[in-house]
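Colleague: Contents of run-v2.json (JSON, C-alpha atoms):
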[["chain", "number", "residue", "atom", "x", "y", "z"],
["Z", 1, "MET", "CA", -15.19, -23.42, 2.15],
["Z", 2, "GLU", "CA", -13.75, -22.79, 5.61],
["Z", 3, "VAL", "CA", -11.23, -20.38, 4.08],
["Z", 4, "LEU", "CA", -14.10, -18.27, 2.77],
["Z", 5, "TYR", "CA", -15.38, -17.74, 6.31],
["Z", 6, "TYR", "CA", -11.96, -16.47, 7.37],
["Z", 7, "VAL", "CA", -11.85, -14.17, 4.35],
["Z", 8, "ALA", "CA", -15.33, -12.90, 5.23],
["Z", 9, "SER", "CA", -14.23, -12.35, 8.84],
["Z", 10, "ALA", "CA", -11.19, -10.36, 7.73],
["Z", 11, "LEU", "CA", -13.21, -8.28, 5.28],
["Z", 12, "ALA", "CA", -15.97, -7.59, 7.80],
["Z", 13, "GLY", "CA", -13.43, -6.55, 10.42],
["Z", 14, "TYR", "CA", -11.61, -4.23, 8.03],
["Z", 15, "LEU", "CA", -14.78, -2.56, 6.77],
["Z", 16, "LEU", "CA", -16.05, -2.03, 10.32],
["Z", 17, "GLY", "CA", -12.70, -0.64, 11.41],
["Z", 18, "SER", "CA", -12.67, 1.75, 8.45],
["Z", 19, "ILE", "CA", -15.61, 3.64, 9.99],
["Z", 20, "ASN", "CA", -13.38, 6.31, 11.51],
["Z", 21, "SER", "CA", -15.61, 8.20, 13.93],
["Z", 22, "ALA", "CA", -13.04, 10.93, 14.57],
["Z", 23, "VAL", "CA", -13.03, 11.92, 10.90],
["Z", 24, "ILE", "CA", -16.83, 11.70, 10.63],
["Z", 25, "ILE", "CA", -17.51, 13.77, 13.75],
["Z", 26, "SER", "CA", -14.88, 16.39, 12.94],
["Z", 27, "ARG", "CA", -16.27, 16.81, 9.43],
["Z", 28, "ALA", "CA", -19.74, 17.26, 10.90],
["Z", 29, "LYS", "CA", -18.20, 20.17, 12.85],
["Z", 30, "GLY", "CA", -16.73, 21.69, 9.71],
["Z", 31, "LYS", "CA", -13.15, 20.45, 10.01],
["Z", 32, "ASP", "CA", -11.10, 17.35, 9.24],
["Z", 33, "ILE", "CA", -9.38, 16.20, 12.43],
["Z", 34, "ARG", "CA", -6.42, 15.06, 10.35],
["Z", 35, "THR", "CA", -5.61, 18.69, 9.52],
["Z", 36, "VAL", "CA", -5.80, 20.15, 13.05],
["Z", 37, "GLY", "CA", -4.02, 19.57, 16.36],
["Z", 38, "SER", "CA", -1.68, 16.59, 16.19],
["Z", 39, "GLY", "CA", -3.25, 15.48, 12.91],
["Z", 40, "ASN", "CA", -4.19, 12.12, 14.40],
["Z", 41, "ALA", "CA", -7.69, 10.83, 13.74],
["Z", 42, "GLY", "CA", -8.34, 9.60, 17.26],
["Z", 43, "ALA", "CA", -10.06, 10.37, 20.54],
["Z", 44, "THR", "CA", -7.15, 12.28, 22.13],
["Z", 45, "ASN", "CA", -6.90, 14.77, 19.27],
["Z", 46, "ILE", "CA", -10.69, 15.11, 19.23],
["Z", 47, "LEU", "CA", -10.60, 15.85, 22.98],
["Z", 48, "ARG", "CA", -8.02, 18.59, 22.51],
["Z", 49, "THR", "CA", -9.81, 20.06, 19.49],
["Z", 50, "PHE", "CA", -13.55, 19.66, 20.16],
["Z", 51, "GLY", "CA", -13.86, 18.81, 23.86],
["Z", 52, "LYS", "CA", -15.08, 15.99, 26.06],
["Z", 53, "GLY", "CA", -18.48, 15.41, 24.43],
["Z", 54, "ALA", "CA", -17.09, 14.77, 20.97],
["Z", 55, "ALA", "CA", -14.21, 12.72, 22.40],
["Z", 56, "GLY", "CA", -16.62, 10.58, 24.42],
["Z", 57, "LEU", "CA", -18.66, 9.84, 21.30],
["Z", 58, "VAL", "CA", -15.54, 8.91, 19.33],
["Z", 59, "PHE", "CA", -14.38, 6.67, 22.19],
["Z", 60, "LEU", "CA", -17.77, 4.91, 22.34],
["Z", 61, "ILE", "CA", -17.99, 4.29, 18.59],
["Z", 62, "ASP", "CA", -14.41, 3.02, 18.42],
["Z", 63, "ILE", "CA", -15.09, 0.64, 21.31],
["Z", 64, "LEU", "CA", -18.30, -0.64, 19.71],
["Z", 65, "LYS", "CA", -16.74, -1.30, 16.32],
["Z", 66, "GLY", "CA", -13.88, -3.25, 17.90],
["Z", 67, "VAL", "CA", -16.24, -5.42, 19.93],
["Z", 68, "ALA", "CA", -18.58, -5.88, 16.94],
["Z", 69, "ALA", "CA", -15.71, -6.98, 14.71],
["Z", 70, "VAL", "CA", -14.57, -9.71, 17.10],
["Z", 71, "LEU", "CA", -18.11, -10.97, 17.68],
["Z", 72, "LEU", "CA", -18.87, -11.00, 13.96],
["Z", 73, "GLY", "CA", -15.62, -12.81, 13.22],
["Z", 74, "ARG", "CA", -16.46, -15.42, 15.86],
["Z", 75, "ALA", "CA", -19.93, -15.90, 14.38],
["Z", 76, "LEU", "CA", -18.45, -16.45, 10.93],
["Z", 77, "ALA", "CA", -15.34, -18.51, 11.70],
["Z", 78, "GLY", "CA", -15.08, -19.27, 15.41],
["Z", 79, "GLU", "CA", -12.45, -18.02, 17.86],
["Z", 80, "TYR", "CA", -9.73, -17.61, 15.24],
["Z", 81, "GLY", "CA", -12.16, -15.69, 13.07],
["Z", 82, "GLY", "CA", -12.59, -13.34, 16.02],
["Z", 83, "TYR", "CA", -8.82, -12.80, 16.25],
["Z", 84, "LEU", "CA", -8.62, -12.10, 12.54],
["Z", 85, "ALA", "CA", -11.61, -9.75, 12.38],
["Z", 86, "GLY", "CA", -10.43, -7.88, 15.47],
["Z", 87, "PHE", "CA", -6.94, -7.34, 14.11],
["Z", 88, "LEU", "CA", -8.31, -6.22, 10.73],
["Z", 89, "ALA", "CA", -10.63, -3.79, 12.51],
["Z", 90, "VAL", "CA", -7.54, -2.10, 13.95],
["Z", 91, "ILE", "CA", -5.94, -2.10, 10.49],
["Z", 92, "GLY", "CA", -9.14, -0.52, 9.14],
["Z", 93, "HIS", "CA", -9.07, 2.19, 11.81],
["Z", 94, "ASN", "CA", -5.44, 2.99, 11.01],
["Z", 95, "PHE", "CA", -5.85, 2.79, 7.23],
["Z", 96, "PRO", "CA", -9.57, 3.38, 6.53],
["Z", 97, "LEU", "CA", -10.90, 2.49, 3.10],
["Z", 98, "TYR", "CA", -13.46, 5.29, 3.24],
["Z", 99, "PHE", "CA", -11.01, 8.09, 4.12],
["Z", 100, "GLY", "CA", -8.03, 7.71, 1.84],
["Z", 101, "PHE", "CA", -6.31, 5.13, 4.06],
["Z", 102, "LYS", "CA", -5.31, 7.87, 6.52],
["Z", 103, "GLY", "CA", -6.72, 7.13, 9.98],
["Z", 104, "GLY", "CA", -5.75, 7.10, 13.63],
["Z", 105, "LYS", "CA", -3.43, 5.01, 15.75],
["Z", 106, "GLY", "CA", -6.08, 2.49, 16.74],
["Z", 107, "ILE", "CA", -5.54, 2.44, 20.50],
["Z", 108, "VAL", "CA", -9.21, 2.59, 21.55],
["Z", 109, "THR", "CA", -10.22, 0.03, 18.92],
["Z", 110, "SER", "CA", -7.25, -2.15, 19.91],
["Z", 111, "LEU", "CA", -8.36, -1.96, 23.54],
["Z", 112, "ALA", "CA", -11.90, -3.00, 22.62],
["Z", 113, "VAL", "CA", -10.62, -5.92, 20.56],
["Z", 114, "MET", "CA", -8.17, -7.00, 23.29],
["Z", 115, "VAL", "CA", -10.81, -6.88, 26.03],
["Z", 116, "THR", "CA", -13.26, -8.88, 23.91],
["Z", 117, "VAL", "CA", -10.66, -11.52, 23.04],
["Z", 118, "ALA", "CA", -8.79, -11.73, 26.37],
["Z", 119, "PRO", "CA", -10.41, -9.70, 29.19],
["Z", 120, "THR", "CA", -7.94, -10.61, 31.95],
["Z", 121, "GLU", "CA", -4.80, -9.76, 30.01],
["Z", 122, "ALA", "CA", -6.34, -6.67, 28.41],
["Z", 123, "LEU", "CA", -7.70, -5.22, 31.65],
["Z", 124, "THR", "CA", -4.38, -5.85, 33.41],
["Z", 125, "ALA", "CA", -2.54, -4.04, 30.61],
["Z", 126, "MET", "CA", -5.13, -1.25, 30.70],
["Z", 127, "VAL", "CA", -4.59, -0.70, 34.44],
["Z", 128, "ILE", "CA", -0.85, -0.40, 33.79],
["Z", 129, "ALA", "CA", -1.52, 2.07, 30.97],
["Z", 130, "VAL", "CA", -3.86, 4.19, 33.11],
["Z", 131, "VAL", "CA", -1.29, 4.37, 35.91],
["Z", 132, "ILE", "CA", 1.39, 5.47, 33.42],
["Z", 133, "ILE", "CA", -0.94, 8.12, 31.97],
["Z", 134, "TYR", "CA", -1.94, 9.35, 35.43],
["Z", 135, "VAL", "CA", 1.65, 9.65, 36.62],
["Z", 136, "THR", "CA", 3.23, 11.08, 33.46],
["Z", 137, "ARG", "CA", 0.23, 12.75, 31.74],
["Z", 138, "TYR", "CA", 1.42, 11.20, 28.48],
["Z", 139, "VAL", "CA", -1.40, 9.29, 26.73],
["Z", 140, "SER", "CA", 1.05, 8.01, 24.13],
["Z", 141, "LEU", "CA", 3.41, 6.53, 26.73],
["Z", 142, "GLY", "CA", 0.54, 4.78, 28.49],
["Z", 143, "SER", "CA", -0.68, 3.38, 25.17],
["Z", 144, "ILE", "CA", 2.77, 2.10, 24.24],
["Z", 145, "VAL", "CA", 3.48, 0.50, 27.63],
["Z", 146, "GLY", "CA", -0.02, -0.98, 27.87],
["Z", 147, "SER", "CA", 0.27, -2.52, 24.39],
["Z", 148, "PHE", "CA", 3.66, -3.99, 25.25],
["Z", 149, "PHE", "CA", 2.36, -5.59, 28.46],
["Z", 150, "PHE", "CA", -0.64, -7.06, 26.66],
["Z", 151, "ALA", "CA", 1.74, -8.94, 24.36],
["Z", 152, "VAL", "CA", 3.91, -10.03, 27.30],
["Z", 153, "LEU", "CA", 0.88, -11.34, 29.22],
["Z", 154, "ALA", "CA", -0.30, -13.21, 26.12],
["Z", 155, "ILE", "CA", 3.09, -14.89, 25.76],
["Z", 156, "LEU", "CA", 3.12, -15.85, 29.45],
["Z", 157, "ARG", "CA", -0.30, -17.49, 29.04],
["Z", 158, "GLN", "CA", 1.19, -19.94, 26.52],
["Z", 159, "ASP", "CA", -2.01, -21.83, 25.81],
["Z", 160, "ASP", "CA", -2.79, -20.76, 22.25],
["Z", 161, "LEU", "CA", -0.23, -20.00, 19.56],
["Z", 162, "TRP", "CA", -2.72, -18.06, 17.41],
["Z", 163, "PHE", "CA", -3.74, -15.93, 20.37],
["Z", 164, "CYS", "CA", -0.07, -15.11, 20.99],
["Z", 165, "ILE", "CA", 0.39, -14.17, 17.32],
["Z", 166, "PHE", "CA", -2.74, -12.00, 17.44],
["Z", 167, "ALA", "CA", -1.62, -10.27, 20.66],
["Z", 168, "ILE", "CA", 1.93, -9.61, 19.45],
["Z", 169, "ALA", "CA", 0.72, -8.34, 16.05],
["Z", 170, "THR", "CA", -1.88, -6.03, 17.63],
["Z", 171, "ALA", "CA", 0.58, -4.68, 20.19],
["Z", 172, "LEU", "CA", 3.35, -4.25, 17.63],
["Z", 173, "LEU", "CA", 1.03, -2.34, 15.30],
["Z", 174, "ALA", "CA", 0.02, -0.01, 18.14],
["Z", 175, "ILE", "CA", 3.65, 0.65, 19.07],
["Z", 176, "LEU", "CA", 4.75, 1.21, 15.46],
["Z", 177, "ARG", "CA", 1.94, 3.74, 14.99],
["Z", 178, "HIS", "CA", 3.51, 5.70, 17.85],
["Z", 179, "ILE", "CA", 7.01, 6.05, 16.36],
["Z", 180, "GLY", "CA", 6.56, 9.82, 16.09],
["Z", 181, "ASN", "CA", 5.41, 9.99, 19.71],
["Z", 182, "ILE", "CA", 8.39, 7.91, 20.82],
["Z", 183, "LYS", "CA", 10.75, 10.37, 19.11],
["Z", 184, "ARG", "CA", 9.00, 13.31, 20.79],
["Z", 185, "LEU", "CA", 9.10, 11.56, 24.16],
["Z", 186, "CYS", "CA", 12.84, 11.11, 23.75],
["Z", 187, "THR", "CA", 13.34, 14.78, 22.87],
["Z", 188, "GLY", "CA", 10.92, 16.07, 25.55],
["Z", 189, "THR", "CA", 8.55, 17.65, 23.01],
["Z", 190, "GLU", "CA", 5.57, 15.30, 23.43],
["Z", 191, "ARG", "CA", 2.39, 17.03, 24.55],
["Z", 192, "ARG", "CA", 0.94, 16.02, 27.90],
["Z", 193, "ILE", "CA", -2.79, 15.48, 28.29],
["Z", 194, "GLY", "CA", -4.57, 18.65, 29.32],
["Z", 195, "LYS", "CA", -2.19, 20.88, 27.39]]
Render the structure in this file as structure tokens.
Modeller:
Amino acid sequence: MEVLYYVASALAGYLLGSINSAVIISRAKGKDIRTVGSGNAGATNILRTFGKGAAGLVFLIDILKGVAAVLLGRALAGEYGGYLAGFLAVIGHNFPLYFGFKGGKGIVTSLAVMVTVAPTEALTAMVIAVVIIYVTRYVSLGSIVGSFFFAVLAILRQDDLWFCIFAIATALLAILRHIGNIKRLCTGTERRIGK
């Protein structure tokens, strides 16, 4: 019976994560965000394409669904259920059931999940990411470095194996979703924020 609660947590997290606000809001404006700009269904591409108001709304919804997934997972199956639901929410954002499994990179949702699960580590990693973004003007680089440091901080904590697995998996997924950005960073063709 306990397994069913974990399955329910995973399913709930995935279905919540699949609510891709960037796609929904862009379609309401007559476009599909996945066909304009960078093609990424996330807040940064929305900012570049539709402006701060739309980007702020996407950011808020993606934060809320990440937090809601962890809390729902905890309610169903305890702390580990929260880890599972949170990770599956990021999977849902990246590969949304409702939008042909083509979503965003999951950074905002990952951040929400990380902060809900481990505020100290997540906020420390976020500060590092913000500094990187401020100095370089590369959102992708900040996201990659911040994700990496979240996993490092989780490993250093060494008090919960499942938390470490969750943190490494979430960070690794975020980094892998940025492979294209990493290539562009290496070739100097990555777009800076504000351009």
Colleague: With 3 Å on each side, where is the centre of the axis-aligned box around all listed atoms of stretch 68-82 of chain Z, and how long are its edges in Å to one decimal, as AutoDock Vina command-line options?
Modeller:
--center_x -14.8 --center_y -12.6 --center_z 14.4 --size_x 16.2 --size_y 19.4 --size_z 12.9
Colleague: Which is closest to Z:Val90 among Z:Ala129, Z:Leu123, Z:Val3, Z:Ala10, if we use all atoms listed in the file?
Modeller: Z:Ala10
Colleague: Determine the nearest neighbour of Z:Thr49 from the options Z:Tyr80, Z:Thr189, Z:Val36, Z:Gly103, counting only C-alpha atoms.
Modeller: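 Of all the options, Z:Val36 lies closest to Z:Thr49.
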Colleague: Taking into account all atoms listed in the file, which residue in the set Z:Arg48, Z:Lys105, Z:Arg192, Z:Arg34 is nearest to Z:Gly180?
Modeller: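 Under the stated criterion, the closest residue is Z:Lys105.
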Colleague: Could you check how far atom CA of Z:Ala167 sits from atom CA of Z:Leu84, in Å to one decimal?
Modeller: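 One can read the atom CA of Z:Ala167 to atom CA of Z:Leu84 distance as 10.9 Å.
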Colleague: What's the 10 Å shell around Z:Val130, counting all atoms listed in the file, without same-chain residues fewer than 6 positions away, as a list of chain:residue names?
Modeller: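 Residues near the query, excluding close chain neighbours: Z:Thr136, Z:Arg137, Z:Tyr138, Z:Val139, Z:Leu141, Z:Gly142, Z:Ser143, Z:Val145, Z:Gly146.
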Colleague: Need the shell around Z:Ile33: protein/DNA/RNA residues with any atom at most 12 Å away, counting all atoms listed in the file. Skip same-chain ones fewer than 5 positions apart. Format as a list in words?
Modeller: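 Counting only the stated atoms, we get Asn20, Ser21, Ala22, Val23, Ile24, Ile25, Ser26, Arg27, Ala28, Ser38, Gly39, Asn40, Ala41, Gly42, Ala43, Thr44, Asn45, Ile46, Leu47, Arg48, Thr49, Phe50, Ala54, Ala55, Val58, Phe99, Lys102, Gly103 and Gly104 of chain Z.
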Colleague: Could you please give me, as a PyMOL selection string, the residues of protein, DNA or RNA lying at most 12 Å from (-20.7, -0.1, 14.5) in the coordinate frame of the file, considering all atoms listed in the file?
Modeller: chain Z and resi 12-21+58+60-72+89+109
Colleague: For a cutoff of 8 Å around the file-coordinate point (-2.7, 0.5, 25.2), which residues qualify once you count only C-alpha atoms? I'd like the result as a list in words.
Modeller: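 Output: Ile107, Val108, Ser110, Leu111, Ala125, Met126, Ala129, Gly142, Ser143, Ile144, Val145, Gly146, Ser147, Phe148, Phe150, Ala171 and Ala174 of chain Z.
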Colleague: Please list as a ChimeraX atom specification every residue within 12 Å of Z:Leu4, counting only C-alpha atoms and excluding residues in the same chain fewer than 3 positions away.
Modeller: /Z:1,7-12,73,76-77,81
Colleague: In Å, rounded to a single decimal, give me how far atom CA of Z:Gly56 is from atom CA of Z:Met114.
Modeller: 19.5 Å
Colleague: For Z:Glu121, which residue among Z:Arg157, Z:Lys29, Z:His93, Z:His178 is the nearest when counting all atoms listed in the file?
Modeller: Z:Arg157
